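Student: I'd like to ask you about the structure that follows.
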Amino acid sequence: MEKQARSSATPSPRLAPPASSLGIYVHIPFCSAICNYCNFNRGLYDEALKTRYVEALRAEIARAPHGRPDTIFFGGGTPSLLQPEEVASIVQAVRDRFDLATGAEITLETNPETVDRARLERFRAAGVNRLSFGVQSFHDDELQRLGRIHSADRARAAVREARAAGFDNVSLDLMMWLPGQSVDAWLANVDALIEADPDHASLYLLELYPNAPLKEEMARAGWSLAPDDDAAEMYLTAMDRLERAGLIQYEISNVAKPGRASRHNVKYWTDGEWLGFGCGAHSTVGLPTGASAEVGVRWKNVSGTEDYIQRVMTGEDPVSERRTLSAGERLEEALFTGLRLVEGIDLDVIARRYGVDIWARYGEALAPFVQEKWLVRDGPRLRLTRQGMLMANEVMAVFV
Ligand code: SF4
C-alpha cells in the first residue's frame, strides 16, 4: 500500500495482560461448505467424526499441564456447528483440569447460518460469553464470490438474535480488498457494520494462497483486486469511520469499544502463553525473564483430524513438532507482534525481559521511519502511526 498524508492513530488504553494469564485455544475443524479462498485446517462436517473428535478434545484437555487460564477461544473451522451441549462439555473439561479464572472470556467463532436465537441462548447457557461472527461482507454478491453460504440479511439477523440471547460482547469479521470490490462497496460494508453496532470488529485483507480456487474464478470472471492506492484508502477511511462510531483501533486489523479488546488475541501480541487443543493447534508456554538464552517451548499437534483422534484415544502424544524457543526468536516475535498494537512496544519491558536496548541496537535503522512519521517514540514506547501500519512490513524488516 502507498504512503498517504493522514493523521496518526490515537493510542488506545494499555492492553498487556497480567504476566500469569494463560489462554486456551480449541480448534474445531468442521465446516458446512469449503470457501474458495480458505487455507485453514478444516474439512467438511461429518456428524460421527465430530462426535469422536469432541471426545478426543476432552481427553487431550484432561491430560494437559495445569495453569490458570482466563480465556477460552473456540476457533476453526466453524465451531458453531458443535451442539451447545458439546461446547458445554469442553468448557467443563477445561474447568475440571484448570483453575479457570472467574469472569473468563469464552469466545465462539460463529457462522451466521448456523444459529438462531434459541441455539444462541443454549450457547450462552454453555458458558460462551463472546461471539465472533464471520460476516465477511454485507453484499450478497461478494459473499457468493467467496463461496460463503450466508446472506447479508442472515448476518444482520444473527447479530440481533445474539443481543436477544443476552450476548453483550459481539465481534464481527469483515474482509477487505475483495475481488472486484470498489472503495465505495467496501465503505458500504463498513457502514453496515457500524449500523449492526458490534462491540468489536476485525478487518482482514483477503490473502490468496497460490492454488486457491478463487484465483481461477477471478481469472475466469475477470475480477481483479483494486489498486494498492485504493486499498490504502479503504483501510484508512474505514478506520476513521469506525473510530467516529466509537470502535477504537487497538491493533492493525482490530477495533473495539472501550474494554472490549479481545483478551484472548491480545495474548498473541504481548508475549503471552497459550495452550492449543485439537488438530493442528499450536501452544506456546514460558515467559521471558531476561536471564536465559532459551525462552519457552512451542509445540504443534498433528493436522489430520482422524490422525489426531487416533493418537489421543490410544494414549499416544498428538504433538507432531516441539521445540524450545531461543531468546532471539522470542524477541523478534515480541517486536513484530507488539508493533501490530496501536499502543506499540514498551522498550523498558523489552529491556527487562530480554536484556536488550532496542534503541541502541536498531535506532539508526529506525530513524528514517520516525522522520517519515510512520513510527513514533513516545516515552518508553515505540509505536506505528496509522500511516505506518500501511508500511508495517518495511518497518518490521529492520528487526529480522
Ligand atoms: S467457513 Fe471459515 S474455516 Fe470454513 S471453509 Fe469458510 S473460511 Fe474456511
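Letters A, B, ... mark the chains of the C-alpha cells in the order given; residue numbers begin at 1 per chain; ligand numbers begin at 1, in order shown.
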Around ligand 1, which protein and nucleic acid residues have at least one atom no more than 9 Å from it, if we count only C-alpha atoms and all ligand atoms? List them as an MDAnalysis selection string.

Tutor: chainID A and resid 29:44 75:78 111 134 146:149

Student: Counting only C-alpha atoms, what is within 9 Å of segment 203-218 of chain A, bar same-chain residues fewer than 2 positions away, as an MDAnalysis selection string?

Tutor: chainID A and resid 35:39 136 145:147 172:180 201 220:224 235 252:255

Student: Extract, using only C-alpha atoms, all DNA, RNA and protein residues at most 6 Å from segment 314-327 of chain A, discarding same-chain residues fewer than 3 positions from it, and format them as a PyMOL selection string.

Tutor: chain A and resi 293-302+308+311+330-331

Student: According to DSSP computed on the backbone, where in segment 139-201 of chain A is there helix (DSSP H, G or I)? Give the residues as a VMD selection string.

Tutor: chain A and resid 140 to 146 152 to 164 183 to 196

Student: To one decimal place in Å, what is the distance between atom CA of Arg156 of chain A and atom CA of Gln144 of chain A?

Tutor: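 Going from atom CA of Arg156 of chain A over to atom CA of Gln144 of chain A, I get 16.5 Å.
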
Student: Among segment 128-317 of chain A, which residues does DSSP mark as strand (DSSP E or B) when it is run on the backbone? Keep the chain and numbering as in the structure and answer as number ranges by chain.

Tutor: A: 130-136, 170-176, 200-205, 248-251, 254-256, 273-277, 282-285, 294-301

Student: Which residues are near Ile24 of chain A? Cut-off 9 Å, only C-alpha atoms, ignore same chain within fewer than 4 positions. Put them as an NGL selection string.

Tutor: :A and (69-74 or 94 or 264 or 273-277 or 283)

Student: For atom CA of Gln249 of chain A and atom CA of His282 of chain A, quote the distance in Å rounded to one decimal.

Tutor: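 Spanning atom CA of Gln249 of chain A to atom CA of His282 of chain A is a straight-line distance of 26.8 Å.
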